[in-house]
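> Pasting in a structure now, in structure tokens, and then I'll have a few things to ask.
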Amino acid sequence: MSRILDTIRSPRDVKTLSIDQLKTLAEEIRQELITVLSKTGGHLGPNLGVVELTLALHYVFNTPADNFVFDVSHQAYVHKLLTGRRDRIHTIRQTEGLNGFMLRTESEHDCYGAGHAGTALSAALGMASGRDMRGTKDNVIALCGDAAFTCGVTYEALNNIAGHTKRLIVILNDNEWSIDKNVGAIAGYLTKLATNPKYSHLHEQLEKFLQKIGGKKAGRVLRKAEEAAKSMIVPSVIFEELGLTYYGPMDGHDTATLIKTFEFLKTQDHPVLLHVLTKKGKGFEPAIEKQKKFHGLGPYNPETGETQTTSQRTYSEVFADTMIKLADMNKNIVGITGAMPNGTALDRFQVKHPDKYFDVGIAEEHAVLFACGLATKGFKPVCAIYSTFLQRAIDQIIHDVALQNLPVIFCMDRGGLSGDDGPTHHGLFDISYLRGVPNMVLLHPTNEDELADMMFTAMHHPGPVAIRYPRGTGPGVQVKDHPQLIPVGKAQVIEHGKDVLVYGLGAMLPMAREFANKLKEQGYSVAVVNPRTIKPMDLGTLEFFARSAELVVTFEDHVLMGGFGSIVLESLSELNISVPVVRMGWPDQFVDHGKIDYLRQKYGLTVQNALKKAQPFLKKKAPADSQKAIA
């Protein structure tokens, strides 16, 4: 039996359907997502929750003339299905396939790309203001999850809407979750709005009235009645105070009412906010029962929702387990996350030390400042924040942490390539944005045990420390029962040699060792060094080997510009050592999404390419086997 979904080639096809057909299409979309993502992985829960909402938007509005700005945009898979990408949905987040987020270069229907929370409202306001200046009549709709309203930049935008445009539609998609359960006063405030029995009953009656008579008359009555109700029941609706007329809460899965409401809202000559209630994971019971797991995951069984498990701990889990161990020994250690307890594994710490755990919501700037306050009171705050998300807080890191030399520790998960997530989530810039900050110590482990030692060392350091580590599992090194101090600013020499000096930073050490072995087979004497400390650089070890070396080679999972290789170049200049340097890392461009091995091949971050680059600088040597034969 043919599906309605198979006939949808553009949003125009959606507009030809009846309400009953739209309901059927919604179920077909859910089944398509459950089936496809079981093979590819991806953001299943968020997309199952916005099916009817996305259908209603495309039924009423006209992209690309009208603009849909999705906050984070990980919930745009349904939008992609409806905008000519259905035949490629099986490639989502796969190498050279569809991106897991909105991408302007992917489709004319993607008006704004994003992968971080809190960007939609400001961008949408800029679009609306630009439209007003152009004198056009297109609509701008910002679709924001309730978690985005814990993000400070969202409130900066809210504060400006009334003064900058007369026409903007904001949809507050309230499912009470970001990746984990939402926290803070705003989440509680929205829950009060959504669960007030008097207001909910009144709204249900008004919805029925709207459905019956439709048109502008219904809209005027609806608005007046709701304003009167809110003045009695919810006397200080924050959105109204900021200049947006508030409508809702409304069932985000009622397609017919959503369509009627959008038809009404697009006629309004003032900014409006529609509060819709949706269920994350709707249509797939495992996704409803395990919201955190199904926010974003790898392949799973489409019948049961079960995923493959491994006994090997990830770097995130080693970090969290070490935090538990250290907090058992030191009462002053506290953990802070920005709405990512599951992603950083800090939820494991929360179970053991709930009184030392803080989730501040999607508010990285606040997280860092909050940590500063704790540090002034004698605590050792640990901010567990992805490298790519910590970018938001660079001012606080410089102005508040480093300038005051406060002992705040940054554990930067996803330091390096983040594979299938793509350029919005690759942690490829943190060395560049931290290395120039005075008082900052920057560390990078090569394995799980070294991560635990670095955390223990950071606890004893009097100033700020940042530790970057990769996504996923490490080489499987057993973590000691008792972590040890490592000397800050002192590299670890893995192998001695005089012809070539090779640095392998963090997860790139195995590649550096493989490269060294290839050179040794050609007869070269090669030194291999694990830097451990990125800043301060171990100048003594560098000078010792570089004075005699024909070549220095660096491997790093970071952009070359301003990265570890740049530090080596600058240090050699300071030491007045003239030796060629080959740097292996990521180029000055945004790296695609895809499997890590594929991306390394595509961008030339391989042993073979390193050998090719190194060869012009090396004198011919007799192969190692020949030398042995002569001896």
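Chain lettering (A, B, ...) mirrors the order of the structure tokens, residue numbering begins at 1 for each chain separately, and ligand numbering begins at 1 in order of display.
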Would you please give, as a PyMOL selection string, all residues of stretch 273-338 of chain A that DSSP assigns to strand (DSSP E or B) based on the backbone?
chain A and resi 273-277+297+300+307+314+333-337
> The selected residues should be written to file as an mmCIF file, in the first residue's frame (atoms: all heavy atoms).

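Dumped to result-v7.cif:
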```cif
data_model
loop_
_atom_site.group_PDB
_atom_site.id
_atom_site.type_symbol
_atom_site.label_atom_id
_atom_site.label_comp_id
_atom_site.auth_asym_id
_atom_site.auth_seq_id
_atom_site.Cartn_x
_atom_site.Cartn_y
_atom_site.Cartn_z
ATOM 1 N N LEU A 273 3.563 35.121 20.943
ATOM 2 C CA LEU A 273 4.211 33.892 21.392
ATOM 3 C C LEU A 273 3.147 32.832 21.616
ATOM 4 O O LEU A 273 2.194 33.042 22.369
ATOM 5 C CB LEU A 273 4.998 34.118 22.681
ATOM 6 C CG LEU A 273 5.786 32.897 23.198
ATOM 7 C CD1 LEU A 273 7.137 33.333 23.771
ATOM 8 C CD2 LEU A 273 5.009 32.117 24.256
ATOM 9 N N LEU A 274 3.307 31.701 20.938
ATOM 10 C CA LEU A 274 2.387 30.578 21.091
ATOM 11 C C LEU A 274 3.072 29.495 21.909
ATOM 12 O O LEU A 274 4.120 28.976 21.523
ATOM 13 C CB LEU A 274 1.979 30.016 19.724
ATOM 14 C CG LEU A 274 1.080 28.777 19.761
ATOM 15 C CD1 LEU A 274 -0.276 29.110 20.377
ATOM 16 C CD2 LEU A 274 0.914 28.188 18.362
ATOM 17 N N HIS A 275 2.475 29.155 23.023
ATOM 18 C CA HIS A 275 3.010 28.149 23.941
ATOM 19 C C HIS A 275 2.323 26.814 23.633
ATOM 20 O O HIS A 275 1.132 26.655 23.862
ATOM 21 C CB HIS A 275 2.712 28.593 25.375
ATOM 22 C CG HIS A 275 3.249 27.697 26.438
ATOM 23 N ND1 HIS A 275 2.990 27.925 27.776
ATOM 24 C CD2 HIS A 275 4.026 26.576 26.395
ATOM 25 C CE1 HIS A 275 3.580 26.998 28.506
ATOM 26 N NE2 HIS A 275 4.211 26.158 27.681
ATOM 27 N N VAL A 276 3.083 25.862 23.062
ATOM 28 C CA VAL A 276 2.514 24.553 22.731
ATOM 29 C C VAL A 276 3.145 23.483 23.610
ATOM 30 O O VAL A 276 4.326 23.542 23.949
ATOM 31 C CB VAL A 276 2.708 24.192 21.240
ATOM 32 C CG1 VAL A 276 2.016 25.210 20.351
ATOM 33 C CG2 VAL A 276 4.174 24.081 20.875
ATOM 34 N N LEU A 277 2.324 22.505 23.973
ATOM 35 C CA LEU A 277 2.782 21.396 24.798
ATOM 36 C C LEU A 277 2.932 20.158 23.917
ATOM 37 O O LEU A 277 1.979 19.748 23.255
ATOM 38 C CB LEU A 277 1.782 21.116 25.926
ATOM 39 C CG LEU A 277 1.412 22.308 26.808
ATOM 40 C CD1 LEU A 277 0.385 21.892 27.851
ATOM 41 C CD2 LEU A 277 2.654 22.875 27.483
ATOM 42 N N LEU A 297 21.148 9.376 19.860
ATOM 43 C CA LEU A 297 21.777 8.082 20.139
ATOM 44 C C LEU A 297 22.244 7.437 18.852
ATOM 45 O O LEU A 297 21.960 7.921 17.753
ATOM 46 C CB LEU A 297 20.815 7.159 20.884
ATOM 47 C CG LEU A 297 19.670 6.489 20.107
ATOM 48 C CD1 LEU A 297 19.014 5.420 20.965
ATOM 49 C CD2 LEU A 297 18.628 7.470 19.621
ATOM 50 N N TYR A 300 19.789 1.447 17.014
ATOM 51 C CA TYR A 300 19.012 0.752 18.043
ATOM 52 C C TYR A 300 18.055 -0.221 17.375
ATOM 53 O O TYR A 300 17.836 -0.181 16.155
ATOM 54 C CB TYR A 300 18.232 1.756 18.903
ATOM 55 C CG TYR A 300 17.327 2.658 18.089
ATOM 56 C CD1 TYR A 300 16.014 2.297 17.782
ATOM 57 C CD2 TYR A 300 17.795 3.874 17.601
ATOM 58 C CE1 TYR A 300 15.192 3.111 17.010
ATOM 59 C CE2 TYR A 300 16.993 4.691 16.830
ATOM 60 C CZ TYR A 300 15.695 4.301 16.546
ATOM 61 O OH TYR A 300 14.884 5.108 15.778
ATOM 62 N N THR A 307 19.906 -0.768 22.540
ATOM 63 C CA THR A 307 21.126 -0.373 21.832
ATOM 64 C C THR A 307 22.259 -1.289 22.243
ATOM 65 O O THR A 307 22.193 -1.968 23.272
ATOM 66 C CB THR A 307 21.512 1.077 22.169
ATOM 67 O OG1 THR A 307 21.621 1.204 23.599
ATOM 68 C CG2 THR A 307 20.464 2.051 21.667
ATOM 69 N N THR A 314 33.721 5.281 28.648
ATOM 70 C CA THR A 314 34.085 6.430 27.827
ATOM 71 C C THR A 314 34.925 7.394 28.663
ATOM 72 O O THR A 314 34.989 7.289 29.901
ATOM 73 C CB THR A 314 32.841 7.166 27.334
ATOM 74 O OG1 THR A 314 32.130 7.696 28.473
ATOM 75 C CG2 THR A 314 31.914 6.244 26.548
ATOM 76 N N ILE A 333 35.090 19.958 46.640
ATOM 77 C CA ILE A 333 34.910 19.747 45.200
ATOM 78 C C ILE A 333 33.432 19.757 44.853
ATOM 79 O O ILE A 333 32.616 19.068 45.482
ATOM 80 C CB ILE A 333 35.548 18.415 44.767
ATOM 81 C CG1 ILE A 333 37.075 18.503 44.892
ATOM 82 C CG2 ILE A 333 35.147 18.051 43.338
ATOM 83 C CD1 ILE A 333 37.783 17.192 44.652
ATOM 84 N N VAL A 334 33.074 20.545 43.838
ATOM 85 C CA VAL A 334 31.683 20.594 43.360
ATOM 86 C C VAL A 334 31.682 20.459 41.840
ATOM 87 O O VAL A 334 32.652 20.838 41.161
ATOM 88 C CB VAL A 334 30.964 21.905 43.768
ATOM 89 C CG1 VAL A 334 30.838 22.008 45.272
ATOM 90 C CG2 VAL A 334 31.689 23.121 43.204
ATOM 91 N N GLY A 335 30.606 19.909 41.303
ATOM 92 C CA GLY A 335 30.473 19.731 39.858
ATOM 93 C C GLY A 335 29.385 20.610 39.289
ATOM 94 O O GLY A 335 28.303 20.730 39.871
ATOM 95 N N ILE A 336 29.660 21.238 38.143
ATOM 96 C CA ILE A 336 28.710 22.149 37.493
ATOM 97 C C ILE A 336 28.548 21.731 36.036
ATOM 98 O O ILE A 336 29.539 21.491 35.339
ATOM 99 C CB ILE A 336 29.221 23.604 37.548
ATOM 100 C CG1 ILE A 336 29.459 24.045 38.996
ATOM 101 C CG2 ILE A 336 28.230 24.556 36.862
ATOM 102 C CD1 ILE A 336 30.240 25.346 39.112
ATOM 103 N N THR A 337 27.311 21.660 35.577
ATOM 104 C CA THR A 337 27.054 21.381 34.168
ATOM 105 C C THR A 337 26.009 22.348 33.631
ATOM 106 O O THR A 337 25.198 22.878 34.390
ATOM 107 C CB THR A 337 26.587 19.923 33.951
ATOM 108 O OG1 THR A 337 26.388 19.698 32.556
ATOM 109 C CG2 THR A 337 25.280 19.656 34.678
#
```
> Apply DSSP to the structure's backbone, then extract all residues of stretch 225-443 of chain A labelled helix (DSSP H, G or I) and return them as a PyMOL selection string.
chain A and resi 225-233+238-241+255-265+285-289+315-329+346-352+354-356+364-376+387-402+419-421+430-434
> Can you tell me, as a ChimeraX atom specification, what residues are no more than 6 Å from stretch 135-146 of chain A when counting only C-alpha atoms, ignoring any on the same chain fewer than 4 positions away?
/A:66-71,120,124,131,168-174
> Of the candidates A:Leu258, A:Ile8, A:Ala162, A:Ala516, which one gets nearest to A:Glu241 if we count only C-alpha atoms?
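Going through A:Leu258, A:Ile8, A:Ala162, A:Ala516 one by one, the smallest distance to A:Glu241 is for A:Ala162.
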> Would you pick out the contacts of A:Arg12 at 12 Å or less, using only C-alpha atoms, so that residues sharing its chain but fewer than 5 positions from it are not included, and give the list as number ranges by chain?
A: 7, 17, 55, 57-64, 82-84
> For the selection just defined, write its residues with N, CA, C and O atoms to a file, as a PDB file, in the first residue's frame.

```pdb
ATOM      1  N   THR A   7       4.513  10.653  -1.553  1.00  0.00           N
ATOM      2  CA  THR A   7       4.044  11.634  -2.543  1.00  0.00           C
ATOM      3  C   THR A   7       4.497  13.055  -2.197  1.00  0.00           C
ATOM      4  O   THR A   7       4.259  13.976  -2.972  1.00  0.00           O
ATOM      5  N   LEU A  17      -3.447  18.353   1.335  1.00  0.00           N
ATOM      6  CA  LEU A  17      -3.992  17.251   2.127  1.00  0.00           C
ATOM      7  C   LEU A  17      -5.119  17.708   3.042  1.00  0.00           C
ATOM      8  O   LEU A  17      -5.167  18.863   3.482  1.00  0.00           O
ATOM      9  N   LEU A  55       4.206  19.900  10.472  1.00  0.00           N
ATOM     10  CA  LEU A  55       3.203  19.763   9.410  1.00  0.00           C
ATOM     11  C   LEU A  55       2.309  20.995   9.338  1.00  0.00           C
ATOM     12  O   LEU A  55       2.030  21.526   8.257  1.00  0.00           O
ATOM     13  N   LEU A  57       2.948  24.023  10.391  1.00  0.00           N
ATOM     14  CA  LEU A  57       3.718  25.176   9.916  1.00  0.00           C
ATOM     15  C   LEU A  57       3.820  25.178   8.390  1.00  0.00           C
ATOM     16  O   LEU A  57       3.592  26.201   7.743  1.00  0.00           O
ATOM     17  N   HIS A  58       4.135  24.038   7.815  1.00  0.00           N
ATOM     18  CA  HIS A  58       4.267  23.968   6.359  1.00  0.00           C
ATOM     19  C   HIS A  58       2.912  24.046   5.653  1.00  0.00           C
ATOM     20  O   HIS A  58       2.843  24.460   4.493  1.00  0.00           O
ATOM     21  N   TYR A  59       1.861  23.679   6.349  1.00  0.00           N
ATOM     22  CA  TYR A  59       0.516  23.782   5.770  1.00  0.00           C
ATOM     23  C   TYR A  59       0.091  25.247   5.640  1.00  0.00           C
ATOM     24  O   TYR A  59      -0.541  25.641   4.656  1.00  0.00           O
ATOM     25  N   VAL A  60       0.476  26.065   6.616  1.00  0.00           N
ATOM     26  CA  VAL A  60       0.012  27.458   6.669  1.00  0.00           C
ATOM     27  C   VAL A  60       0.999  28.423   6.012  1.00  0.00           C
ATOM     28  O   VAL A  60       0.593  29.338   5.282  1.00  0.00           O
ATOM     29  N   PHE A  61       2.282  28.214   6.233  1.00  0.00           N
ATOM     30  CA  PHE A  61       3.287  29.157   5.744  1.00  0.00           C
ATOM     31  C   PHE A  61       3.961  28.621   4.479  1.00  0.00           C
ATOM     32  O   PHE A  61       3.758  27.469   4.093  1.00  0.00           O
ATOM     33  N   ASN A  62       4.758  29.465   3.851  1.00  0.00           N
ATOM     34  CA  ASN A  62       5.361  29.125   2.560  1.00  0.00           C
ATOM     35  C   ASN A  62       6.863  29.347   2.581  1.00  0.00           C
ATOM     36  O   ASN A  62       7.342  30.459   2.347  1.00  0.00           O
ATOM     37  N   THR A  63       7.602  28.281   2.883  1.00  0.00           N
ATOM     38  CA  THR A  63       9.056  28.379   2.776  1.00  0.00           C
ATOM     39  C   THR A  63       9.441  28.137   1.316  1.00  0.00           C
ATOM     40  O   THR A  63       8.726  27.434   0.598  1.00  0.00           O
ATOM     41  N   PRO A  64      10.503  28.742   0.820  1.00  0.00           N
ATOM     42  CA  PRO A  64      11.513  29.505   1.564  1.00  0.00           C
ATOM     43  C   PRO A  64      11.203  30.990   1.741  1.00  0.00           C
ATOM     44  O   PRO A  64      11.976  31.693   2.386  1.00  0.00           O
ATOM     45  N   LEU A  82       9.918  17.010   4.552  1.00  0.00           N
ATOM     46  CA  LEU A  82       8.865  17.716   3.815  1.00  0.00           C
ATOM     47  C   LEU A  82       9.404  18.696   2.782  1.00  0.00           C
ATOM     48  O   LEU A  82       8.631  19.276   2.021  1.00  0.00           O
ATOM     49  N   THR A  83      10.711  18.874   2.745  1.00  0.00           N
ATOM     50  CA  THR A  83      11.287  19.894   1.854  1.00  0.00           C
ATOM     51  C   THR A  83      12.247  19.288   0.830  1.00  0.00           C
ATOM     52  O   THR A  83      13.337  19.818   0.592  1.00  0.00           O
ATOM     53  N   GLY A  84      11.838  18.171   0.257  1.00  0.00           N
ATOM     54  CA  GLY A  84      12.575  17.598  -0.857  1.00  0.00           C
ATOM     55  C   GLY A  84      13.750  16.720  -0.512  1.00  0.00           C
ATOM     56  O   GLY A  84      14.547  16.383  -1.384  1.00  0.00           O
TER      57      GLY A  84
END
```
> Just want the 12 Å neighbourhood of A:Arg313, counted on only C-alpha atoms, with same-chain residues fewer than 5 positions away dropped. Output as number ranges by chain.
A: 318-322, 345, 447-449, 471-479
> Now that the selection is made, can you save its residues with C-alpha atoms as a PDB file, in the first residue's frame?

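See part.pdb below for the written result:
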```pdb
ATOM      1  CA  VAL A 318      36.098   8.088  33.560  1.00  0.00           C
ATOM      2  CA  PHE A 319      35.820  11.825  34.254  1.00  0.00           C
ATOM      3  CA  ALA A 320      32.629  11.357  36.307  1.00  0.00           C
ATOM      4  CA  ASP A 321      33.914   8.362  38.248  1.00  0.00           C
ATOM      5  CA  THR A 322      37.108  10.254  39.049  1.00  0.00           C
ATOM      6  CA  ALA A 345      28.274  11.795  32.555  1.00  0.00           C
ATOM      7  CA  ASN A 447      44.430   7.751  27.884  1.00  0.00           C
ATOM      8  CA  GLU A 448      41.882   7.226  30.647  1.00  0.00           C
ATOM      9  CA  ASP A 449      44.388   6.862  33.485  1.00  0.00           C
ATOM     10  CA  ARG A 471      34.399  11.980  22.728  1.00  0.00           C
ATOM     11  CA  GLY A 472      33.844   8.246  23.208  1.00  0.00           C
ATOM     12  CA  THR A 473      36.151   5.565  24.492  1.00  0.00           C
ATOM     13  CA  GLY A 474      39.902   5.729  24.882  1.00  0.00           C
ATOM     14  CA  PRO A 475      42.537   3.055  24.327  1.00  0.00           C
ATOM     15  CA  GLY A 476      41.236   1.042  27.282  1.00  0.00           C
ATOM     16  CA  VAL A 477      44.000   1.769  29.806  1.00  0.00           C
ATOM     17  CA  GLN A 478      43.128   0.674  33.344  1.00  0.00           C
ATOM     18  CA  VAL A 479      42.651   3.581  35.771  1.00  0.00           C
TER      19      VAL A 479
END
```
> Hey, can you check how far atom CA of A:Ser387 sits from atom CA of A:Gly427?
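Atom CA of A:Gly427 lies at a distance of 5.0 Å from atom CA of A:Ser387.
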> Excluding A:Ser18 and its own-chain neighbours fewer than 3 positions away, which residues fall within 12 Å of it when counting only C-alpha atoms? Please give them as JSON, numbers by chain.
{"A": [4, 13, 14, 15, 21, 22, 23, 24, 25, 55, 56, 59, 255, 256, 259]}
> Keeping C-alpha atoms, export the residues of the selection given above as a CSV table (one decimal), in the first residue's frame.

```csv
chain,number,residue,atom,x,y,z
A,4,ILE,CA,1.2,9.6,1.6
A,13,ASP,CA,2.2,18.8,-1.5
A,14,VAL,CA,1.4,19.1,2.2
A,15,LYS,CA,-1.1,22.0,1.5
A,21,GLN,CA,-4.6,12.8,5.6
A,22,LEU,CA,-2.3,15.0,7.7
A,23,LYS,CA,-3.0,12.8,10.7
A,24,THR,CA,-2.1,9.7,8.6
A,25,LEU,CA,1.0,11.5,7.3
A,55,LEU,CA,3.2,19.8,9.4
A,56,ALA,CA,1.0,22.6,10.5
A,59,TYR,CA,0.5,23.8,5.8
A,255,THR,CA,-3.0,19.4,13.9
A,256,ALA,CA,-6.4,21.0,13.1
A,259,ILE,CA,-3.5,25.2,11.6
```
> Quick check, in Å to one decimal: how far apart do atom CA of A:Glu106 and atom CA of A:Arg88 lie?
11.6 Å
> Please measure the separation of atom CA of A:His444 and atom CA of A:Ser578, giving the value in Å to one decimal.
26.9 Å
> Name the closest residue to A:Ser432 among the candidates A:Pro470, A:Gly49, A:Ser10, A:Lys535; distances are taken between atoms, counting only C-alpha atoms.
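Between A:Pro470, A:Gly49, A:Ser10, A:Lys535, the residue approaching A:Ser432 most closely is A:Lys535.
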> Counting only C-alpha atoms, which residue out of A:Ala26, A:Val408, A:Val78, A:Val493 sits closest to A:Gly100?
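Of the candidates, the smallest distance to A:Gly100 is held by A:Val78.
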> Would you mind listing what lies within 6 Å of A:His558 as a ChimeraX atom specification, with only C-alpha atoms counted and same-chain residues fewer than 4 positions away left out?
/A:416,428,585-586
> Please produce a file of those selected residues containing all heavy atoms, as a short mmCIF file (atom, residue, chain, number, x, y, z; two decimals), in the first residue's frame.

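Result saved to part.cif:
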```cif
data_model
loop_
_atom_site.label_atom_id
_atom_site.label_comp_id
_atom_site.auth_asym_id
_atom_site.auth_seq_id
_atom_site.Cartn_x
_atom_site.Cartn_y
_atom_site.Cartn_z
N GLY A 416 38.20 17.90 20.36
CA GLY A 416 38.60 17.22 19.13
C GLY A 416 37.39 16.99 18.25
O GLY A 416 36.33 17.60 18.44
N LEU A 428 37.33 21.86 18.04
CA LEU A 428 38.61 22.04 17.36
C LEU A 428 39.26 23.40 17.59
O LEU A 428 40.25 23.71 16.95
CB LEU A 428 38.41 21.83 15.84
CG LEU A 428 37.90 20.45 15.41
CD1 LEU A 428 37.78 20.39 13.90
CD2 LEU A 428 38.83 19.35 15.91
N GLY A 585 47.20 18.47 11.51
CA GLY A 585 45.98 18.81 12.25
C GLY A 585 44.91 19.18 11.24
O GLY A 585 45.00 18.82 10.06
N TRP A 586 43.91 19.90 11.69
CA TRP A 586 42.78 20.23 10.82
C TRP A 586 43.00 21.59 10.15
O TRP A 586 43.53 22.52 10.78
CB TRP A 586 41.48 20.22 11.61
CG TRP A 586 41.22 18.86 12.20
CD1 TRP A 586 41.44 18.47 13.49
CD2 TRP A 586 40.75 17.70 11.51
NE1 TRP A 586 41.14 17.15 13.64
CE2 TRP A 586 40.70 16.64 12.45
CE3 TRP A 586 40.36 17.46 10.19
CZ2 TRP A 586 40.28 15.36 12.10
CZ3 TRP A 586 39.93 16.18 9.84
CH2 TRP A 586 39.90 15.15 10.80
#
```
> From the options A:Val553, A:Gly436, A:Ala375, A:Gly540, which residue's atoms come nearest to A:Pro462, counting only C-alpha atoms?
A:Ala375
> Nearest to A:Lys282 among A:Ser316, A:Gln31, A:Thr533, A:Gln492, with distances taken over only C-alpha atoms: which residue is it?
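The answer is A:Gln31, which sits nearest to A:Lys282.
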